[in-house]
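For reference, target-v8.txt (compact mmCIF, C-alpha atoms):
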```txt
# COMPACT_ATOMS: atom_id res chain seq x y z
CA MET X 112 -13.01 -0.63 -12.14
CA ARG X 113 -10.37 0.60 -9.76
CA GLU X 114 -9.86 4.18 -8.84
CA THR X 115 -6.93 5.44 -10.80
CA TYR X 116 -4.94 8.52 -10.26
CA LYS X 117 -4.64 10.32 -13.54
CA ILE X 118 -1.68 12.57 -13.88
CA ASN X 119 -1.61 14.91 -16.81
CA SER X 120 1.96 15.93 -16.49
CA THR X 121 5.12 14.56 -14.97
CA GLN X 122 5.41 17.62 -12.78
CA HIS X 123 2.09 16.80 -11.17
CA LEU X 124 3.29 13.33 -10.42
CA ILE X 125 6.52 14.62 -8.91
CA ASP X 126 4.57 17.08 -6.78
CA ALA X 127 2.19 14.33 -5.73
CA ILE X 128 5.10 12.14 -4.67
CA LYS X 129 6.66 14.98 -2.74
CA ASP X 130 3.35 15.75 -1.03
CA ASN X 131 2.95 12.07 -0.11
CA ASN X 132 -0.32 11.89 -2.03
CA SER X 133 -1.63 8.54 -0.91
CA LEU X 134 -3.48 7.69 -4.09
CA ALA X 135 -0.56 8.62 -6.33
CA LEU X 136 1.86 6.58 -4.26
CA LYS X 137 -0.49 3.61 -4.14
CA THR X 138 -0.98 3.70 -7.91
CA LEU X 139 2.75 3.92 -8.44
CA TYR X 140 3.19 0.93 -6.15
CA THR X 141 0.53 -1.29 -7.63
CA THR X 142 1.35 -0.57 -11.26
CA ASN X 143 5.04 -1.33 -10.89
CA TYR X 144 5.13 -4.22 -8.47
CA TYR X 145 4.56 -7.19 -10.74
CA LYS X 146 7.33 -6.29 -13.13
CA VAL X 147 9.80 -6.44 -10.25
CA GLU X 148 8.23 -9.58 -8.84
CA ALA X 149 8.59 -11.31 -12.20
CA PHE X 150 12.27 -10.39 -12.32
CA ILE X 151 12.97 -11.67 -8.82
CA LEU X 152 11.00 -14.89 -9.25
CA LYS X 153 12.90 -15.55 -12.43
CA ASN X 154 16.18 -15.05 -10.59
CA ASN X 155 15.96 -17.48 -7.69
CA GLY X 156 13.79 -15.33 -5.45
CA THR X 157 10.49 -15.85 -3.67
CA LYS X 158 7.41 -13.64 -3.42
CA GLU X 159 8.56 -12.53 0.04
CA HIS X 160 11.92 -11.48 -1.39
CA ALA X 161 10.10 -9.61 -4.14
CA LYS X 162 7.96 -7.73 -1.63
CA ASP X 163 10.94 -6.74 0.54
CA ILE X 164 13.12 -5.68 -2.34
CA PHE X 165 10.35 -3.78 -4.06
CA GLN X 166 9.43 -1.91 -0.89
CA ASP X 167 13.08 -0.97 -0.33
CA ALA X 168 13.31 0.26 -3.89
CA PHE X 169 10.05 2.15 -3.59
CA LEU X 170 11.29 3.95 -0.51
CA ALA X 171 14.58 4.75 -2.24
CA LEU X 172 12.70 6.18 -5.21
CA TRP X 173 10.60 8.34 -2.93
CA LYS X 174 13.65 9.59 -1.01
CA ASN X 175 15.49 10.48 -4.19
CA VAL X 176 12.54 12.27 -5.74
CA LYS X 177 11.99 14.19 -2.48
CA GLN X 178 15.60 15.35 -2.42
CA ASP X 179 15.70 16.10 -6.14
CA LYS X 180 18.43 13.53 -6.57
CA PHE X 181 16.29 11.95 -9.23
CA VAL X 182 14.26 14.21 -11.50
CA PRO X 183 12.07 12.02 -13.68
CA GLN X 184 11.47 13.17 -17.24
CA ASN X 185 8.25 11.23 -17.66
CA GLU X 186 6.16 8.54 -16.03
CA SER X 187 7.96 5.66 -17.65
CA SER X 188 11.31 6.93 -16.42
CA ILE X 189 9.94 6.54 -12.89
CA SER X 190 9.01 2.94 -13.60
CA GLY X 191 12.39 2.31 -15.16
CA TYR X 192 14.18 3.84 -12.21
CA LEU X 193 12.19 1.78 -9.74
CA TYR X 194 12.91 -1.38 -11.67
CA THR X 195 16.62 -0.62 -11.88
CA ILE X 196 16.94 0.07 -8.16
CA ALA X 197 15.11 -3.15 -7.35
CA LYS X 198 17.30 -5.08 -9.77
CA HIS X 199 20.45 -3.72 -8.13
CA LYS X 200 19.21 -4.42 -4.66
CA TRP X 201 18.40 -7.98 -5.66
CA MET X 202 21.81 -8.46 -7.23
CA ASP X 203 23.46 -7.11 -4.09
CA TYR X 204 21.47 -9.60 -2.09
CA LEU X 205 22.44 -12.49 -4.36
CA ARG X 206 26.09 -11.54 -4.06
CA SER X 207 25.93 -11.16 -0.30
CA LYS X 208 27.64 -13.70 1.93
CA ASN X 209 24.39 -14.83 3.47
CA TYR X 210 23.03 -15.89 0.19
CA LYS X 211 26.17 -17.46 -1.22
CA LYS X 212 26.43 -19.74 1.77
CA THR X 213 23.31 -21.52 0.67
CA ILE X 214 23.41 -21.35 -3.11
CA ALA X 215 26.25 -22.18 -5.46
CA SER X 216 27.24 -19.02 -7.27
CA SER X 217 27.26 -20.81 -10.60
CA SER X 218 23.49 -20.91 -10.51
CA LEU X 219 23.30 -17.14 -10.57
CA ILE X 220 22.40 -15.63 -13.84
CA ASP X 221 25.00 -13.17 -15.01
CA MET X 222 23.63 -9.70 -14.61
CA ASP X 223 25.03 -6.43 -15.75
CA SER X 224 25.89 -4.11 -12.89
CA SER X 225 27.50 -1.23 -14.70
CA ASP X 226 24.49 1.03 -14.30
CA ASP X 227 25.14 4.42 -12.80
CA ILE X 228 22.21 4.31 -10.42
CA SER X 229 23.99 2.18 -7.85
CA ASP X 230 26.52 4.95 -7.29
CA LYS X 231 23.80 7.46 -6.69
CA ILE X 232 22.14 5.18 -4.18
CA ASN X 233 25.31 4.83 -2.15
CA ASP X 234 26.59 8.38 -2.21
CA ASP X 235 24.86 9.43 0.96
CA LYS X 236 26.08 7.02 3.57
CA ILE X 237 26.49 9.32 6.58
CA ASN X 238 23.19 11.02 6.09
CA ASP X 239 21.54 7.65 5.65
CA GLU X 240 22.81 6.46 8.98
CA ARG X 241 21.29 9.42 10.79
CA LEU X 242 18.13 9.04 8.83
CA HIS X 243 17.87 5.41 9.84
CA SER X 244 18.20 6.21 13.51
CA VAL X 245 15.40 8.78 13.20
CA MET X 246 13.27 6.29 11.27
CA HIS X 247 13.83 3.67 13.90
CA ALA X 248 13.10 6.14 16.68
CA PHE X 249 9.87 7.11 14.96
CA LYS X 250 8.93 3.47 14.63
CA VAL X 251 9.12 2.99 18.40
CA LEU X 252 7.75 6.41 19.39
CA GLY X 253 4.56 6.29 21.50
CA MET X 254 1.30 6.28 19.57
CA PRO X 255 -0.05 9.74 20.52
CA CYS X 256 3.12 11.47 19.34
CA LYS X 257 3.45 9.25 16.33
CA SER X 258 -0.04 9.98 15.17
CA LEU X 259 0.34 13.72 15.74
CA LEU X 260 3.63 13.92 13.85
CA THR X 261 2.32 11.72 11.02
CA LYS X 262 -0.67 14.00 10.54
CA PHE X 263 1.53 17.02 10.58
CA TYR X 264 4.52 15.99 8.50
CA PHE X 265 3.39 13.08 6.38
CA GLU X 266 -0.24 13.86 5.71
CA LYS X 267 0.59 17.56 5.78
CA LYS X 268 -2.63 18.49 7.52
CA SER X 269 -2.98 22.07 8.67
CA MET X 270 -2.29 23.05 12.26
CA LYS X 271 -5.91 24.14 12.55
CA ASP X 272 -7.31 20.79 11.42
CA ILE X 273 -5.04 18.90 13.78
CA ALA X 274 -5.89 21.20 16.68
CA ASP X 275 -9.61 20.68 15.93
CA GLU X 276 -9.15 16.92 15.90
CA LEU X 277 -7.36 17.00 19.23
CA GLN X 278 -9.80 19.55 20.62
CA LEU X 279 -6.93 21.78 21.65
CA ASP X 280 -6.08 25.35 20.81
CA ALA X 281 -3.35 26.14 18.30
CA ALA X 282 -0.73 27.08 20.89
CA SER X 283 -1.11 23.86 22.89
CA THR X 284 -1.04 21.80 19.71
CA ARG X 285 2.16 23.51 18.61
CA ASN X 286 3.67 22.90 22.01
CA LYS X 287 2.60 19.25 21.95
CA LYS X 288 4.15 18.86 18.54
CA TYR X 289 7.38 20.40 19.80
CA ARG X 290 7.51 18.06 22.78
CA CYS X 291 6.93 15.10 20.50
CA MET X 292 9.81 16.24 18.31
CA GLN X 293 12.02 16.50 21.38
CA LYS X 294 11.09 12.99 22.41
CA LEU X 295 11.79 11.67 18.93
CA ARG X 296 15.15 13.40 18.86
CA GLU X 297 16.05 12.00 22.25
CA ILE X 298 15.26 8.42 21.21
CA ALA X 299 17.21 8.86 17.98
CA LEU X 300 20.23 10.23 19.85
CA ASN X 301 20.21 7.36 22.32
CA LEU X 302 20.08 4.84 19.52
CA LYS X 303 23.45 5.86 18.21
CA MET W 646 22.62 14.12 15.03
CA SER W 647 24.35 16.37 17.48
CA GLN W 648 24.18 15.60 21.21
CA ASN W 649 25.21 18.98 22.52
CA THR W 650 22.88 21.32 20.78
CA ASN W 651 19.49 22.30 22.08
CA ILE W 652 16.68 23.10 19.69
CA THR W 653 14.04 25.39 21.17
CA GLN W 654 10.45 25.54 20.04
CA GLU W 655 11.03 28.98 18.50
CA LEU W 656 14.00 27.73 16.59
CA LEU W 657 12.19 24.62 15.35
CA GLU W 658 9.24 26.64 14.11
CA PHE W 659 11.45 29.28 12.52
CA VAL W 660 13.47 26.67 10.64
CA GLU W 661 10.34 24.81 9.59
CA ARG W 662 8.81 28.00 8.22
CA CYS W 663 11.94 28.71 6.22
CA LEU W 664 12.26 25.17 4.90
CA ASN W 665 8.61 25.12 3.85
CA LYS W 666 8.95 28.58 2.30
CA ASN W 667 6.28 29.97 4.60
CA ALA W 668 8.57 32.59 6.07
CA SER W 669 8.69 36.30 5.37
CA VAL W 670 11.44 37.79 3.22
CA GLU W 671 13.26 39.15 6.29
CA GLU W 672 13.09 35.80 8.01
CA LEU W 673 14.47 34.03 4.95
CA GLN W 674 17.32 36.51 4.76
CA LYS W 675 18.08 35.99 8.42
CA PHE W 676 17.98 32.25 7.84
CA GLU W 677 20.45 32.41 4.95
CA THR W 678 22.87 34.66 6.83
CA ARG W 679 22.87 32.45 9.88
CA LEU W 680 23.36 29.36 7.74
CA GLN W 681 26.48 30.94 6.28
CA ASN W 682 27.98 32.31 9.46
CA ASP W 683 26.82 30.15 12.33
CA SER W 684 28.07 26.58 12.35
CA GLU W 685 25.94 25.54 15.32
CA PHE W 686 22.86 26.77 13.46
CA ARG W 687 23.89 24.74 10.42
CA THR W 688 24.05 21.61 12.56
CA GLN W 689 20.66 22.38 14.04
CA VAL W 690 19.11 22.85 10.61
CA THR W 691 20.57 19.57 9.40
CA ASP W 692 19.19 17.86 12.50
CA ILE W 693 15.73 19.27 11.92
CA LYS W 694 15.82 18.28 8.25
CA THR W 695 16.83 14.75 9.19
CA LEU W 696 14.04 14.54 11.78
CA LEU W 697 11.40 15.74 9.32
CA PHE W 698 12.62 13.45 6.58
CA GLY W 699 12.81 10.48 8.93
CA ILE W 700 9.23 10.98 10.08
CA GLU W 701 7.99 11.06 6.51
CA ALA W 702 10.11 8.12 5.40
CA GLN W 703 9.03 5.90 8.28
CA SER W 704 5.37 6.88 7.84
CA LEU W 705 5.57 5.89 4.21
CA LYS W 706 7.38 2.66 5.03
CA GLU W 707 4.59 1.70 7.38
CA LYS W 708 2.03 2.36 4.67
CA LEU W 709 3.64 0.13 2.07
CA ASP W 710 2.03 -3.06 3.35
CA ASP W 711 -1.36 -1.45 2.90
CA PHE W 712 -0.44 -0.65 -0.69
CA HIS W 713 0.69 -4.22 -1.10
CA ASP W 714 -2.69 -5.51 -0.01
CA GLU W 715 -4.26 -3.47 -2.78
CA LEU W 716 -2.50 -5.40 -5.51
CA ILE W 717 -4.87 -7.16 -7.83
CA GLU W 718 -4.29 -10.86 -8.22
CA ALA W 719 -0.97 -11.74 -9.81
CA PRO W 720 -1.02 -12.37 -13.51
CA SER W 721 0.33 -15.82 -14.27
CA ILE W 722 3.94 -15.48 -15.29
CA LYS W 723 5.42 -18.07 -17.55
CA THR W 724 9.16 -17.92 -17.53
CA VAL W 725 11.38 -20.88 -18.27
CA PRO W 726 10.37 -22.83 -21.34
CA ILE W 727 10.95 -26.55 -20.90
CA LYS W 728 12.67 -28.01 -23.91
CA PHE W 729 13.65 -31.42 -22.78
CA MET W 730 11.94 -33.89 -20.50
CA PRO W 731 13.32 -37.35 -19.85
CA TYR W 732 10.95 -40.21 -19.01
CA ARG W 733 11.49 -40.12 -15.30
CA LYS W 734 10.60 -36.48 -15.13
CA ILE W 735 7.45 -37.11 -17.11
CA ALA W 736 6.52 -39.88 -14.69
CA ILE W 737 7.10 -37.57 -11.71
CA ALA W 738 5.15 -34.84 -13.43
CA ALA W 739 2.27 -37.21 -14.07
CA VAL W 740 2.19 -38.27 -10.43
CA LEU W 741 2.23 -34.61 -9.38
CA VAL W 742 -0.59 -33.74 -11.74
CA ILE W 743 -2.71 -36.56 -10.38
CA ALA W 744 -1.86 -35.67 -6.79
CA LEU W 745 -2.53 -31.97 -7.21
CA GLY W 746 -5.61 -32.75 -9.26
CA SER W 747 -7.12 -34.90 -6.57
CA LEU W 748 -6.11 -32.40 -3.92
CA TRP W 749 -7.88 -29.72 -5.89
CA PHE W 750 -10.86 -31.98 -6.32
CA LEU W 751 -11.07 -32.74 -2.63
CA SER W 752 -10.47 -29.21 -1.45
CA GLY W 753 -12.94 -27.98 -4.04
CA ASN W 754 -15.54 -30.16 -2.46
CA SER W 755 -14.90 -29.02 1.07
CA ASN W 756 -14.85 -25.38 -0.03
CA GLU W 757 -18.23 -25.90 -1.62
CA LYS W 758 -19.48 -27.40 1.60
CA ILE W 759 -18.29 -24.48 3.67
CA TYR W 760 -19.74 -22.08 1.12
CA ALA W 761 -23.10 -23.82 1.13
CA LYS W 762 -23.12 -23.86 4.91
CA TYR W 763 -22.56 -20.13 5.26
CA PHE W 764 -23.98 -18.48 2.18
CA SER W 765 -27.33 -16.84 2.49
CA PRO W 766 -28.07 -13.74 0.45
CA ASP W 767 -28.37 -10.37 2.14
CA PRO W 768 -32.05 -9.87 3.09
CA GLY W 769 -32.11 -6.58 1.14
CA LEU W 770 -33.27 -3.10 2.03
CA PRO W 771 -36.78 -2.13 3.10
CA THR W 772 -38.59 -0.95 -0.01
CA MET W 773 -39.91 2.58 -0.08
CA MET W 774 -42.01 2.89 -3.16
CA SER W 775 -43.01 6.46 -2.37
CA GLU W 776 -39.56 7.80 -3.07
CA THR W 777 -39.96 8.51 -6.74
CA SER W 778 -36.34 9.38 -7.47
CA ASN W 779 -35.24 5.93 -6.44
CA PHE W 780 -38.23 4.14 -7.90
CA GLU W 781 -36.18 1.94 -10.23
CA PHE W 782 -33.83 0.96 -7.46
CA TYR W 783 -36.56 -0.12 -5.04
CA ASP W 784 -38.59 -1.70 -7.80
CA ALA W 785 -35.62 -3.98 -8.48
CA MET W 786 -35.23 -4.53 -4.75
CA VAL W 787 -38.71 -6.09 -4.76
CA ASN W 788 -37.54 -8.53 -7.43
CA TYR W 789 -34.39 -9.21 -5.49
CA LYS W 790 -36.32 -10.03 -2.35
CA GLN W 791 -38.51 -12.43 -4.26
CA GLY W 792 -35.42 -14.24 -5.50
CA GLU W 793 -35.79 -12.93 -9.05
CA TYR W 794 -32.11 -12.08 -9.22
CA THR W 795 -31.77 -11.87 -12.98
CA LYS W 796 -34.63 -9.38 -13.18
CA ALA W 797 -33.18 -7.32 -10.36
CA ILE W 798 -29.76 -7.22 -12.05
CA GLU W 799 -31.36 -6.15 -15.34
CA LYS W 800 -33.03 -3.22 -13.61
CA TRP W 801 -30.07 -2.19 -11.49
CA LYS W 802 -27.38 -2.30 -14.15
CA PRO W 803 -28.58 0.77 -16.13
CA LEU W 804 -28.50 2.80 -12.89
CA LEU W 805 -24.77 2.16 -12.64
CA VAL W 806 -24.15 4.28 -15.73
CA ASN W 807 -24.76 7.45 -13.76
CA ALA W 808 -23.24 6.20 -10.55
CA PRO W 809 -20.54 3.65 -11.38
CA LYS W 810 -19.11 3.65 -7.87
CA ASN W 811 -22.35 3.75 -5.91
CA ASP W 812 -21.84 1.37 -3.01
CA THR W 813 -25.46 0.29 -2.54
CA LEU W 814 -25.89 -0.53 -6.22
CA ASN W 815 -22.61 -2.39 -6.57
CA TYR W 816 -23.20 -4.31 -3.39
CA PHE W 817 -26.66 -5.54 -4.33
CA ILE W 818 -25.78 -6.32 -7.94
CA GLY W 819 -22.85 -8.33 -6.59
CA MET W 820 -25.19 -10.00 -4.12
CA ALA W 821 -27.67 -10.90 -6.84
CA GLN W 822 -24.87 -12.24 -9.05
CA LEU W 823 -23.59 -14.39 -6.24
CA ALA W 824 -27.06 -15.70 -5.43
CA ASN W 825 -27.36 -16.47 -9.16
CA LYS W 826 -24.15 -18.52 -8.96
CA HIS W 827 -22.16 -16.06 -11.05
CA GLU W 828 -19.30 -15.77 -8.56
CA LYS W 829 -16.80 -14.15 -10.90
CA LYS W 830 -19.19 -11.39 -11.83
CA ALA W 831 -20.09 -10.94 -8.17
CA ILE W 832 -16.42 -10.47 -7.30
CA GLU W 833 -16.13 -7.54 -9.70
CA TYR W 834 -18.98 -5.68 -8.04
CA PHE W 835 -17.97 -6.42 -4.48
CA GLU W 836 -14.46 -5.23 -5.19
CA VAL W 837 -15.80 -1.84 -6.22
CA VAL W 838 -17.30 -1.56 -2.74
CA THR W 839 -14.27 -2.83 -0.85
CA ASN W 840 -12.05 -0.41 -2.77
CA LEU W 841 -14.04 2.60 -1.64
CA ASP W 842 -12.58 4.68 1.15
CA SER W 843 -15.68 4.28 3.23
CA SER W 844 -19.04 2.67 2.82
CA ASN W 845 -21.70 1.20 5.08
CA PHE W 846 -21.56 -1.94 2.99
CA LYS W 847 -17.81 -2.44 3.13
CA ASN W 848 -17.86 -4.89 6.01
CA GLU W 849 -20.51 -7.12 4.40
CA ALA W 850 -18.90 -6.70 0.99
CA TYR W 851 -15.64 -8.15 2.32
CA TYR W 852 -17.57 -11.07 3.78
CA TYR W 853 -19.41 -11.93 0.59
CA LEU W 854 -16.28 -11.27 -1.47
CA GLY W 855 -14.52 -13.84 0.70
CA LEU W 856 -17.37 -16.30 0.14
CA ALA W 857 -17.27 -15.71 -3.62
CA TYR W 858 -13.55 -16.43 -3.68
CA LEU W 859 -14.14 -19.52 -1.57
CA LYS W 860 -16.69 -20.76 -4.07
CA THR W 861 -14.17 -20.27 -6.89
CA ASP W 862 -11.55 -22.20 -4.85
CA ASN W 863 -9.36 -19.18 -4.39
CA ILE W 864 -8.59 -19.88 -0.75
CA GLU W 865 -5.93 -17.27 -0.26
CA LEU W 866 -8.08 -14.38 -1.45
CA ALA W 867 -11.03 -15.83 0.42
CA LYS W 868 -9.06 -15.76 3.67
CA LYS W 869 -7.68 -12.32 2.99
CA ASN W 870 -11.07 -10.76 2.42
CA LEU W 871 -12.72 -12.58 5.29
CA THR W 872 -10.14 -11.22 7.70
CA PHE W 873 -11.22 -7.71 6.74
CA SER W 874 -14.80 -8.40 7.74
CA THR W 875 -16.14 -8.33 11.26
CA VAL W 876 -19.25 -10.30 10.30
CA ASP W 877 -19.46 -13.12 12.88
CA ASN W 878 -19.41 -15.92 10.34
CA SER W 879 -16.14 -14.64 8.88
CA LYS W 880 -14.23 -15.88 11.86
CA LYS W 881 -16.01 -19.22 11.85
CA ILE W 882 -15.20 -19.76 8.18
CA LEU W 883 -11.58 -18.74 8.72
CA LEU W 884 -11.34 -21.29 11.51
CA GLU W 885 -12.76 -24.02 9.31
CA LEU W 886 -10.43 -23.10 6.47
CA ASN W 887 -7.41 -23.20 8.73
CA ASN W 888 -8.23 -26.61 10.13
```
Final structure tokens representation of the file:
Amino acid sequence: MRETYKINSTQHLIDAIKDNNSLALKTLYTTNYYKVEAFILKNNGTKEHAKDIFQDAFLALWKNVKQDKFVPQNESSISGYLYTIAKHKWMDYLRSKNYKKTIASSSLIDMDSSDDISDKINDDKINDERLHSVMHAFKVLGMPCKSLLTKFYFEKKSMKDIADELQLDAASTRNKKYRCMQKLREIALNLK
Amino acid sequence: MSQNTNITQELLEFVERCLNKNASVEELQKFETRLQNDSEFRTQVTDIKTLLFGIEAQSLKEKLDDFHDELIEAPSIKTVPIKFMPYRKIAIAAVLVIALGSLWFLSGNSNEKIYAKYFSPDPGLPTMMSETSNFEFYDAMVNYKQGEYTKAIEKWKPLLVNAPKNDTLNYFIGMAQLANKHEKKAIEYFEVVTNLDSSNFKNEAYYYLGLAYLKTDNIELAKKNLTFSTVDNSKKILLELNN
């Protein structure tokens, strides 16, 4: 009985992802989660692990679709991609020092890591670092700016709609937006 | 990100227009030329791109928990088949089954008690028999108010065909199902309401959905739904459940 987002072509889905269409993203999330959870539970993980890993993978998928690093051929290739990223992230975690301290490595199930996706995920290290400082800066940015910038860049609302909401004229809204961007940039620069 | 470059408002808006393909042909040409010849400009454009992408990425990241809450209950996953079970393990398993069984039995009882203490059906809507278009709806409401829940459900259900997501209908059918002790059916209808973007019944629907889950001994979902409701009793039930 749930609302489902029907996509009649892959291109629509790609566009919806790029436009941050909430319903499309939510559907993508809810229809793919349990497959990943099952994999992680089967391989020494908990539900919390599954949630963290899946969310990381989901964000990676979104980033790669946005930047055309991954161009899905059809809906199932998106699911497959998501699953593969999650699998790799989980394997990385299992191999990490933190984990090996607590669990004998012999209990790990042998998993194949020769997939080519892991290379693609890691090929953008420098950019990723900068991106992370901006993301962190945005996380701690004050609420008025955060909400304004979210409406503008994530929800992609029009300048007019945002100005109406704030009861400001277009020029003041644009100026406010600019000052918020400056603030964000400042925080990000100081984080480095 | 570069420390020593200043991005003015004009520059930011110009670059944004070009990146979003909202710029004029001349502007785009200017943009391309500067990108090729002006290294400071290139840095500024990269900075702006990173800022825009970071805002979107973090916004999405903060939304993921909301998506997570929308997951429907996990299907039971059976993974490792057990081929061999020595006696001792069987003994331990038996003890566990008995322990969990009695725990379930006991908790089931206290859940029922809490449910019985707090459940009273929604009083219903005032009936307006003059409104002919909604005659069937209010006719059933009369039955509902008189406690004839089965009759009310029979009359309401056909109305759903034309309005499967109508909040009022789903809410009251769910209510009647719950009052009729059909908790599982009630859950289906309440969930239609709680999944809507907005509805006047959402708050109450979460409350009764929580109660329905409580009655079916699904404590986790009961708690989750009750936390979404601001109905006074929600908090009281949550307190009792946590004690």
Fill in: Atom-to-atom span, CA of Ala149 (chain X) and CA of Gln122 (chain X), Å
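Here the two named atoms are 29.1 Å from each other.
Compared by their closest atoms to chain X, and using only C-alpha atoms, the residues W:Leu884, W:Ala739, W:Leu841, W:Met786 rank with W:Leu841 nearest.
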Worksheet entry | X:Asp130, X:Asp179, X:Asp203, X:Glu276 ranked by distance to chain W, top pick (using all atoms listed in the file) | X:Asp130
Worksheet item: Please, which residues are within 10 Å of (-1.7, 10.6, -6.6) by the file's coordinates, counting only C-alpha atoms, and could they come as a list in words?
Response: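 Those within range, by chain then number, are Thr115, Tyr116, Lys117, Ile118, His123, Leu124, Ile125, Asp126, Ala127, Ile128, Asp130, Asn131, Asn132, Ser133, Leu134, Ala135, Leu136, Lys137, Thr138 and Leu139 of chain X.
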Worksheet item: Excluding same-chain residues fewer than 4 positions from Leu680 (chain W), what lies within 12 Å of it counting all atoms listed in the file, as a ChimeraX atom specification?
Response: /W:660,663,673-676,684-691
Worksheet entry | Distance in Å - CA of Gln822 (chain W) versus CA of Glu757 (chain W) |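 Computing the Euclidean distance for CA of Gln822 (chain W) and CA of Glu757 (chain W) yields 16.9 Å.
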Worksheet item: In Å, how far is it from CA of Val182 (chain X) to CA of Asp167 (chain X)?
Response: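 Atom-to-atom, CA of Val182 (chain X) to CA of Asp167 (chain X), that is 18.9 Å.
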Within 9 Å of chain X, which residues of chain W show up? Give each one with its shortest atom-to-atom distance in Å (one decimal) and the two atoms involved, counting only C-alpha atoms, rows by chain then rising residue number, as JSON lines.
```
{"residue": "W:Met646", "atom": "CA", "partner": "X:Arg241", "partner_atom": "CA", "distance": 6.5}
{"residue": "W:Ser647", "atom": "CA", "partner": "X:Leu300", "partner_atom": "CA", "distance": 7.8}
{"residue": "W:Gln648", "atom": "CA", "partner": "X:Leu300", "partner_atom": "CA", "distance": 6.8}
{"residue": "W:Ile652", "atom": "CA", "partner": "X:Gln293", "partner_atom": "CA", "distance": 8.3}
{"residue": "W:Thr653", "atom": "CA", "partner": "X:Tyr289", "partner_atom": "CA", "distance": 8.4}
{"residue": "W:Gln654", "atom": "CA", "partner": "X:Tyr289", "partner_atom": "CA", "distance": 6.0}
{"residue": "W:Leu657", "atom": "CA", "partner": "X:Tyr289", "partner_atom": "CA", "distance": 7.8}
{"residue": "W:Glu658", "atom": "CA", "partner": "X:Tyr289", "partner_atom": "CA", "distance": 8.6}
{"residue": "W:Asp692", "atom": "CA", "partner": "X:Arg296", "partner_atom": "CA", "distance": 8.8}
{"residue": "W:Thr695", "atom": "CA", "partner": "X:Leu242", "partner_atom": "CA", "distance": 5.9}
{"residue": "W:Leu696", "atom": "CA", "partner": "X:Val245", "partner_atom": "CA", "distance": 6.1}
{"residue": "W:Leu697", "atom": "CA", "partner": "X:Tyr264", "partner_atom": "CA", "distance": 6.9}
{"residue": "W:Phe698", "atom": "CA", "partner": "X:Leu242", "partner_atom": "CA", "distance": 7.4}
{"residue": "W:Gly699", "atom": "CA", "partner": "X:Met246", "partner_atom": "CA", "distance": 4.8}
{"residue": "W:Ile700", "atom": "CA", "partner": "X:Phe249", "partner_atom": "CA", "distance": 6.3}
{"residue": "W:Glu701", "atom": "CA", "partner": "X:Phe265", "partner_atom": "CA", "distance": 5.0}
{"residue": "W:Ala702", "atom": "CA", "partner": "X:Met246", "partner_atom": "CA", "distance": 6.9}
{"residue": "W:Gln703", "atom": "CA", "partner": "X:Met246", "partner_atom": "CA", "distance": 5.2}
{"residue": "W:Ser704", "atom": "CA", "partner": "X:Thr261", "partner_atom": "CA", "distance": 6.5}
{"residue": "W:Leu705", "atom": "CA", "partner": "X:Leu170", "partner_atom": "CA", "distance": 7.7}
{"residue": "W:Lys706", "atom": "CA", "partner": "X:Leu170", "partner_atom": "CA", "distance": 6.9}
{"residue": "W:Glu707", "atom": "CA", "partner": "X:Lys250", "partner_atom": "CA", "distance": 8.6}
{"residue": "W:Leu709", "atom": "CA", "partner": "X:Gln166", "partner_atom": "CA", "distance": 6.8}
{"residue": "W:Asp710", "atom": "CA", "partner": "X:Gln166", "partner_atom": "CA", "distance": 8.6}
{"residue": "W:Asp711", "atom": "CA", "partner": "X:Lys137", "partner_atom": "CA", "distance": 8.7}
{"residue": "W:Phe712", "atom": "CA", "partner": "X:Lys137", "partner_atom": "CA", "distance": 5.5}
{"residue": "W:His713", "atom": "CA", "partner": "X:Thr141", "partner_atom": "CA", "distance": 7.2}
{"residue": "W:Glu715", "atom": "CA", "partner": "X:Thr141", "partner_atom": "CA", "distance": 7.2}
{"residue": "W:Leu716", "atom": "CA", "partner": "X:Thr141", "partner_atom": "CA", "distance": 5.5}
{"residue": "W:Ile717", "atom": "CA", "partner": "X:Thr141", "partner_atom": "CA", "distance": 8.0}
{"residue": "W:Ala719", "atom": "CA", "partner": "X:Tyr145", "partner_atom": "CA", "distance": 7.2}
{"residue": "W:Pro720", "atom": "CA", "partner": "X:Tyr145", "partner_atom": "CA", "distance": 8.1}
{"residue": "W:Ile722", "atom": "CA", "partner": "X:Ala149", "partner_atom": "CA", "distance": 7.0}
{"residue": "W:Thr724", "atom": "CA", "partner": "X:Lys153", "partner_atom": "CA", "distance": 6.8}
{"residue": "W:Val725", "atom": "CA", "partner": "X:Lys153", "partner_atom": "CA", "distance": 8.1}
{"residue": "W:Pro809", "atom": "CA", "partner": "X:Met112", "partner_atom": "CA", "distance": 8.7}
{"residue": "W:Lys810", "atom": "CA", "partner": "X:Met112", "partner_atom": "CA", "distance": 8.6}
{"residue": "W:Glu833", "atom": "CA", "partner": "X:Met112", "partner_atom": "CA", "distance": 8.0}
{"residue": "W:Tyr834", "atom": "CA", "partner": "X:Met112", "partner_atom": "CA", "distance": 8.8}
{"residue": "W:Glu836", "atom": "CA", "partner": "X:Met112", "partner_atom": "CA", "distance": 8.5}
{"residue": "W:Val837", "atom": "CA", "partner": "X:Met112", "partner_atom": "CA", "distance": 6.7}
{"residue": "W:Asn840", "atom": "CA", "partner": "X:Arg113", "partner_atom": "CA", "distance": 7.3}
{"residue": "W:Leu841", "atom": "CA", "partner": "X:Glu114", "partner_atom": "CA", "distance": 8.5}
```
Practice prompt. Find the residues with any atom within 12 Å of (-5.7, -19.2, 8.6); use only C-alpha atoms and the coordinates as given in the file, and write the answer as a ChimeraX atom specification.
Written response: /W:864-872,879-888
